[in-house]
Each structure stands twice: as structure tokens, then as C-alpha cells.
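Structure first, commentary second.
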Amino acid sequence: MRWTLLPIPTPQKVTQLAQELGVDPVIASLLVQRGITNFDEAKNFFRPELSDLHDPYLMKDMDRAVIRIERAIEANENILVYGDYDVDGTTSVALMSSYLLTYYPNITTYIPDRYTEGYGVSYKGIDFAEDNEISLIIALDCGIKAIEKVFYAKEKGIDFIICDHHRPGEKLPQAEAILDPKRSDCDYPYKELCGCGVGFKLIQALSGKRGLEIDDLVLYLDLVATAIAADIVPMTGENRILAYYGLQVINSNPRPGIQALLESVKKPTMTITDVVFIIAPRINAAGRMKHGNYAVSLLTEADPKKAEVSAIQINAFNTERKNLDQQITKEALAQIEEKHEEERFTTVVYNENWNKGVIGIVASRLIEAYYRPTIVFTKSGDTLTASARSVSGFDIYEALESCSEHLLQFGGHKYAAGLTIGEKDYHDFKEAFEDVVSRTIETKSLHPELKIDTSIDFSSINPKFYRVLKQLAPFGPGNMKPVFLSEGIHDTGQGRCVGENKDHLRISVTQNDIGPIVGIGFGLGDKLGIIKGNAPFKIAYAIDENHWNGVTSLQLVIKDIKE
């Protein structure tokens, strides 16, 4: 792992901000690194206000979307809320449908089947709308590239409103309204909303017409925060505001479905990281193992007892998902070794029997083993479908665009994408993708990068420092949890490997006679030899709280150790 120390801010700026805020210079330095240089910016950062959310009508086509929905309600039309089967899609559908149902009954929902329909808007979904006399579809987290399908719907007299956040193609669908901040002709000030975030902006515009205030919509923000966390969008601007208040809802008054998922979690306060690793995988497991409708049902259920039953089902799907992704990861790693592909610039693997619902997770696991752009294929009907994942600094979407002659369709982001190819094109695509990546990727991108905010001494670490540090949350891209570097570290003799397979490292360390401080390094069992030598070593780490037997103490979460 290569360590990159982030640029050190100008001392004068740091000193001035530390004095203005009355905080430790280390905290001031972290703020300046995040673009915060004065009292007002710091106030907005530490105390986000819902009133700072942008006017939804700044988004291109928002007025058209609101007019079309109001017209549908006045004419008593049936409205279909359509979304993808992942967390962003299912939370979006739960959000939009539950809001509209508060004042209009003719609402139904649709989630495509991952296995029979695939990602995004489907012909089957449009046929469902026609069969049920639906004349308006609100598509969330999908639709920006569904040109043929939107035209197909239009021929049947069905209008589309698209709420998406993916990159548009050269042409846009013939929809009644297309809400997507990434449209080149959209001047919306914040471009990084997730699909559920775009849906929330539509609700914000609709609610304004009904005389509601932004405070009346806070109860929906547990869904928006969950989508922001799961989709790993930047934790900046509006996303930070929405996630900040959404976490408050999750921790104080979550909807029954989320409350039921948290029943077995023994944590006093949920963080964005907890949402990513506890709530999101369970919601995702429904669409991966069975159907996304299970997730929508859970997230819209108002009866706590029914929500408990639904959560038990979802947890069972998640257990099944875990077992399956472990098995497929083993098979994929064996395939790489058998074909002697360890030295390639890419990982591309295929097995027609692999479960389509977990290949995205497997792609992420393979990146942990071989740090390079990765694509995992399985068979889907007459075609091969795949999930692609990238490494830091490499745009896999652009790489796929360069291979488009071999693709039937693709879509996604810089670091994650989905694609479909013909079965006969697999080997040609695999070599074309390897060629593009080998020519365009920087060598440093083939090694995991650990970004370190600043160097500190153990003397800085105390409860007061941590209390302020904690207020930098919620963390995510654009505002990652601070990582510190400390040198001249010594083991107290208590360091040891822990865990079922002894692959984690528990340390007790000192620096300049300050300490001992306890730390845990997940997956760092192989570093035991470094700390057991007599020579001092250096550590990169985050700071966290450890709750044990009713006692709370600070601990280091070790990211890496070097001699």
C-alpha cells in the first residue's frame, strides 16, 4: 500500500482558523484541507441547515415534472413509481410512493426482476403499466439511457418522468421531464445527488405546491441518507445536509422497516459507515437473492409487527448472499490462478453458473486480492451480463466506452458499471479491455493508495480532540474520515493476532512514553513481525471509540504499519 500525505495547508490559514473557532490546530488543518477557511464556512459545515438546500426548480425540467404530476392527479390517472432493484432504486421507490400516497391513492410501484428483466426500465414494466391502465411512469435511479423503451411507452400513451443521476448519452429519451443534474444543459448547482436525492428534490418541489415546508419532509430522510451511503456518492454539499439529518432520523425515529433491521444491532448510535455495512447490504440482498419488491415492502411498511416479519426474511436473504459471494469469490480466484493471469492489468472472469445478484460484490472482493480494474461475467439468457468495479483514479466507464464495439449495452459511473455482451464476444472484449486499460492506466493506480491527512503525536489524542473530530461526520467521499500518521511507535509487548483465523492484529503501543493506546488492525495479522521487532515503526490510523462492558475508550483503527 502506498501512503500519500495530503498537502499541508498554509500555516497562516490554519492558525487563523484555529483562533477563530477555538479549536486544536490539527482540527483547523483538517478543515482547511476540506476547503473550509473561515467561521461562516465552518458553521455551515458543522451545523448543516435544511434551509441551505437548493431551490428544486433550479433543476432542468422540474417545472415540467410538477405540472405533469399535478395534471395526472387532477385527471385521476394511475401513476407507476418505477425504480431499480439496488438500495438507491428501492429507497427511491419507497420515498416517492409513500409521499404521493399521503394525498393521492392511485399509486403503484414496480421493481424489475434482476434475472428476467435486468437493470433499468424494461419492456415488461411498460407492458405492466399498459395492462393496469397506467398513463404516467415516474422512473427513479434509472431511465436516462432508455431511449427506445420510453418511445415504446409513448406509443402506448404512457408518459415518463425520469429522475436519474447517471451520465446521459448523446441523446435523451422523449420523456415529459428528465431530472438529472448531470445533464449538460442543467444548471443545478449540485451535481452529485444519488437517485433517491433527485427523487427527494421532486418531492420538495411538489410539497411546496401544497404549502408544506422542508421540515415537513424530514421523516423521509432516513431513506435518502441510506441511499447516499450505499451509492457512495460524495459527502459534500446537499448530500452532506441530507445525510446529516437522515442519520438523525435513523437514530431517533426511523421508519418501522429500518427499525426492524436494527433490532439485532447493539450500537448506541448509527454512523454512515454502519449504514453502509449493516443496513445497505440487507436491503440489497432482497434484489440480489429474491426480488427488490421485498425491500420496498419493508421500507414502506407502517405496522412494526409486519415490518419485523419482513426484516426476518430480508436477513435470511442476506445470510444466503454472504455464503454465495464467498463461494463464487473462491471460484473466481481459482480461475485467475489456473489461467496464470496474475500479471495482467485487468481481471475479467466468467462462469455461466455464477449468481447474477452477487457478481458486483465478487468484483469488489477480487479488487482486494488483485488491485486492478475488474469485471465479473455470468450468463443471462442468450447474453453475458457483468458487473465492473474500478480502482482509485481510473475511470472504468470511459474504458468501457472505448470498448463499445464489443458491447450490447452498458451504464454506470467512474468506479462502477454494468454491461451486457454477446456470448461469442467474450474473448474479444476481454482482450480489448485489457488493451485499453494497459495503455491508459497509470502505474500508481495499480497499487492501493492510503491517503493520510496529517501527522500527529499521541499527545494530541484525548477525549476533547475526539469530540470535535466526531463532528466532522458524516464521512464519505469528499470528506473521508481523517487518517493520521504517527512515527516512533513502540509495542508494549501486548500485540497479538486475533480473530477466528488470526488475521487481525491487536496492538498496545506508546510514543515518547505517552500511552499505551490500544489499536485494532483488520486484516493486518501479517504485520505482527514488524511490531515485535525492537525497532520503532510508524502507523497510519483513524481514531474511534471502543465500547466494551459498559466502558467507552478511544482506540486506533490501524490502516497500515511500516518499519
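Every chain in the C-alpha cells has a letter given in the order shown (A, B, ...), and although residue numbers restart at 1 in each chain, ligands are simply numbered from 1 in the order shown.
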Proximity of segment 306-396 of chain A to segment 443-452 of chain A: per-residue shortest pair, 9 Å limit, only C-alpha atoms, as CSV:
residue,atom,partner,partner_atom,distance
A:Phe345,CA,A:Leu446,CA,7.9
A:Tyr370,CA,A:Leu446,CA,8.7
A:Tyr371,CA,A:Leu446,CA,5.8
A:Arg372,CA,A:Leu446,CA,5.6
A:Pro373,CA,A:Leu446,CA,8.6
A:Val391,CA,A:Ser445,CA,6.7
A:Ser392,CA,A:Ser445,CA,6.3
A:Gly393,CA,A:Ser445,CA,6.2
A:Phe394,CA,A:Ser445,CA,7.0
How would the residues just picked look written out with C-alpha atoms as an mmCIF file, in the first residue's frame?
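Saved to out-v1.cif:
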data_model
loop_
_atom_site.group_PDB
_atom_site.id
_atom_site.type_symbol
_atom_site.label_atom_id
_atom_site.label_comp_id
_atom_site.auth_asym_id
_atom_site.auth_seq_id
_atom_site.Cartn_x
_atom_site.Cartn_y
_atom_site.Cartn_z
ATOM 1 C CA PHE A 345 -3.590 -5.096 -15.900
ATOM 2 C CA TYR A 370 -5.613 -8.126 -7.257
ATOM 3 C CA TYR A 371 -5.817 -4.360 -7.206
ATOM 4 C CA ARG A 372 -6.865 -3.614 -10.794
ATOM 5 C CA PRO A 373 -9.998 -2.846 -12.860
ATOM 6 C CA VAL A 391 -9.531 1.198 -8.643
ATOM 7 C CA SER A 392 -8.815 4.687 -7.340
ATOM 8 C CA GLY A 393 -8.004 7.149 -10.094
ATOM 9 C CA PHE A 394 -9.163 5.041 -13.057
#
Kindly assemble as a Markdown table a list of the segment 66-146 of chain A residues that lie within 8 Å of segment 195-207 of chain A, each paired with its nearest atom pair and their distance in Å to one decimal, using only C-alpha atoms, sorted first by chain and then by ascending residue number.
| residue | atom | partner | partner_atom | distance |
| --- | --- | --- | --- | --- |
| A:Val66 | CA | A:Leu206 | CA | 6.2 |
| A:Asp88 | CA | A:Cys196 | CA | 5.9 |
| A:Gly89 | CA | A:Gly195 | CA | 7.0 |
| A:Thr91 | CA | A:Cys196 | CA | 6.5 |
| A:Ser92 | CA | A:Cys196 | CA | 4.4 |
| A:Leu95 | CA | A:Cys196 | CA | 7.6 |
| A:Met96 | CA | A:Gly199 | CA | 6.7 |
| A:Tyr99 | CA | A:Ile203 | CA | 7.5 |
| A:Leu140 | CA | A:Gly195 | CA | 6.1 |
| A:Asp141 | CA | A:Gly195 | CA | 4.2 |
| A:Cys142 | CA | A:Gly195 | CA | 7.8 |
Requested in this report: Name all residues at most 12 Å from segment 25-34 of chain A (count only C-alpha atoms; drop same-chain ones fewer than 6 positions away) and give them as a ChimeraX atom specification.
Outcome: /A:5-19,41-46,235-237,452-457,459-461,464-473,475,477-484
Query - Test item: residues at most 8 Å from Asp491 of chain A, only C-alpha atoms, excluding those fewer than 5 positions along its chain, as a list in words - result: Ile507, Ser508, Val509, Thr510, Ile531 and Lys532 of chain A
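Omitting Met270 of chain A and its sequence neighbours fewer than 5 positions away, and counting only C-alpha atoms, the residues within 10 Å are Leu247, Gln248, Ile250, Asn251, Leu262, Val265, Val275, Ile278 and Ile279 of chain A.
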Requested in this report: Identify all residues of segment 57-198 of chain A in strand (DSSP E) (DSSP on the backbone) and supply them as a PyMOL selection string.
Outcome: chain A and resi 78-83+107-110+134-140+159-163+177-179
Writing out the chosen residues with C-alpha atoms as a JSON list (two decimals), in the first residue's frame:
[["chain", "number", "residue", "atom", "x", "y", "z"],
["A", 78, "ASN", "CA", -52.92, 5.86, -12.42],
["A", 79, "ILE", "CA", -49.25, 6.56, -11.63],
["A", 80, "LEU", "CA", -46.48, 3.92, -11.56],
["A", 81, "VAL", "CA", -43.37, 4.58, -9.44],
["A", 82, "TYR", "CA", -40.55, 2.60, -11.08],
["A", 83, "GLY", "CA", -37.05, 2.01, -9.73],
["A", 107, "ILE", "CA", -50.15, 4.89, -6.96],
["A", 108, "THR", "CA", -48.48, 1.55, -7.58],
["A", 109, "THR", "CA", -44.83, 0.51, -7.64],
["A", 110, "TYR", "CA", -42.64, -1.59, -9.90],
["A", 134, "ILE", "CA", -51.27, 3.43, -16.04],
["A", 135, "SER", "CA", -50.59, 6.58, -18.05],
["A", 136, "LEU", "CA", -47.63, 8.07, -16.13],
["A", 137, "ILE", "CA", -44.41, 6.36, -15.01],
["A", 138, "ILE", "CA", -42.02, 8.11, -12.62],
["A", 139, "ALA", "CA", -38.67, 6.34, -13.11],
["A", 140, "LEU", "CA", -36.11, 6.77, -10.32],
["A", 159, "ASP", "CA", -45.67, 9.31, -20.31],
["A", 160, "PHE", "CA", -42.36, 9.17, -18.44],
["A", 161, "ILE", "CA", -40.82, 11.43, -15.82],
["A", 162, "ILE", "CA", -37.18, 10.40, -15.34],
["A", 163, "CYS", "CA", -35.31, 11.10, -12.07],
["A", 177, "ALA", "CA", -39.45, 15.63, -17.95],
["A", 178, "ILE", "CA", -35.88, 14.49, -17.31],
["A", 179, "LEU", "CA", -34.44, 15.42, -13.92]]
Query - Shell around Ala153 of chain A at 9 Å using only C-alpha atoms, local window under 4 positions removed, as JSON, numbers by chain - result: {"A": [123, 126, 127, 129, 130, 148, 149, 157, 158, 159, 160]}
Can those selected residues be exported to a file as a PDB file, in the first residue's frame so that it contains N, CA and C atoms?
ATOM      1  N   TYR A 123     -39.162  -3.433 -20.962  1.00  0.00           N
ATOM      2  CA  TYR A 123     -40.389  -3.538 -21.754  1.00  0.00           C
ATOM      3  C   TYR A 123     -41.491  -4.208 -20.931  1.00  0.00           C
ATOM      4  N   ILE A 126     -43.171  -1.693 -18.770  1.00  0.00           N
ATOM      5  CA  ILE A 126     -44.073  -0.825 -19.545  1.00  0.00           C
ATOM      6  C   ILE A 126     -45.358  -1.583 -19.900  1.00  0.00           C
ATOM      7  N   ASP A 127     -45.214  -2.861 -20.243  1.00  0.00           N
ATOM      8  CA  ASP A 127     -46.400  -3.684 -20.525  1.00  0.00           C
ATOM      9  C   ASP A 127     -47.277  -3.812 -19.279  1.00  0.00           C
ATOM     10  N   ALA A 129     -47.563  -1.562 -17.014  1.00  0.00           N
ATOM     11  CA  ALA A 129     -48.256  -0.275 -16.906  1.00  0.00           C
ATOM     12  C   ALA A 129     -49.457  -0.231 -17.844  1.00  0.00           C
ATOM     13  N   GLU A 130     -49.261  -0.690 -19.066  1.00  0.00           N
ATOM     14  CA  GLU A 130     -50.369  -0.693 -20.026  1.00  0.00           C
ATOM     15  C   GLU A 130     -51.505  -1.592 -19.550  1.00  0.00           C
ATOM     16  N   GLU A 148     -35.223   3.869 -26.421  1.00  0.00           N
ATOM     17  CA  GLU A 148     -36.184   3.014 -27.138  1.00  0.00           C
ATOM     18  C   GLU A 148     -37.378   2.660 -26.260  1.00  0.00           C
ATOM     19  N   LYS A 149     -37.111   2.434 -24.980  1.00  0.00           N
ATOM     20  CA  LYS A 149     -38.188   1.998 -24.092  1.00  0.00           C
ATOM     21  C   LYS A 149     -39.162   3.141 -23.785  1.00  0.00           C
ATOM     22  N   GLY A 157     -49.242   5.475 -25.194  1.00  0.00           N
ATOM     23  CA  GLY A 157     -49.926   6.543 -24.475  1.00  0.00           C
ATOM     24  C   GLY A 157     -49.482   6.692 -23.030  1.00  0.00           C
ATOM     25  N   ILE A 158     -48.269   6.219 -22.745  1.00  0.00           N
ATOM     26  CA  ILE A 158     -47.745   6.293 -21.371  1.00  0.00           C
ATOM     27  C   ILE A 158     -46.597   7.305 -21.336  1.00  0.00           C
ATOM     28  N   ASP A 159     -46.713   8.290 -20.460  1.00  0.00           N
ATOM     29  CA  ASP A 159     -45.671   9.313 -20.306  1.00  0.00           C
ATOM     30  C   ASP A 159     -44.647   8.895 -19.253  1.00  0.00           C
ATOM     31  N   PHE A 160     -43.436   9.429 -19.405  1.00  0.00           N
ATOM     32  CA  PHE A 160     -42.359   9.174 -18.439  1.00  0.00           C
ATOM     33  C   PHE A 160     -41.885  10.473 -17.813  1.00  0.00           C
TER      34      PHE A 160
END
Report task. Excluding Ile489 of chain A and any residue of its chain fewer than 6 positions from it, enumerate the residues within 12 Å of it, using only C-alpha atoms, and give them as a PyMOL selection string. Result -> chain A and resi 456-458+507-517+530-540+561-563
For those residues, write C-alpha atoms to a file as a compact mmCIF listing (two decimals), in the first residue's frame.
# COMPACT_ATOMS: atom_id res chain seq x y z
CA ILE A 456 0.19 13.91 14.79
CA ASP A 457 1.71 12.85 18.08
CA PHE A 458 -0.13 10.74 20.63
CA ILE A 507 -1.80 -3.69 19.37
CA SER A 508 -0.94 -1.77 22.50
CA VAL A 509 1.58 0.95 21.72
CA THR A 510 3.40 4.00 23.06
CA GLN A 511 5.12 7.04 21.58
CA ASN A 512 7.65 9.08 23.56
CA ASP A 513 6.40 7.47 26.78
CA ILE A 514 2.81 8.56 26.01
CA GLY A 515 0.33 5.70 26.14
CA PRO A 516 -0.26 2.87 25.99
CA ILE A 517 -3.00 3.25 23.38
CA ILE A 530 7.11 -5.53 12.32
CA ILE A 531 5.78 -4.55 15.74
CA LYS A 532 7.56 -7.41 17.54
CA GLY A 533 10.98 -6.21 16.41
CA ASN A 534 12.87 -3.87 18.71
CA ALA A 535 12.95 -1.08 16.12
CA PRO A 536 10.34 1.70 16.23
CA PHE A 537 7.72 1.67 13.49
CA LYS A 538 5.13 4.04 12.02
CA ILE A 539 1.37 3.61 11.82
CA ALA A 540 -1.45 5.10 9.76
CA ILE A 561 2.02 -0.38 9.59
CA LYS A 562 5.50 0.20 8.17
CA GLU A 563 9.02 -0.20 9.51
Report summary line: atom CA of Trp3 of chain A sits from atom CA of Leu524 of chain A at a separation of 15.7 Å
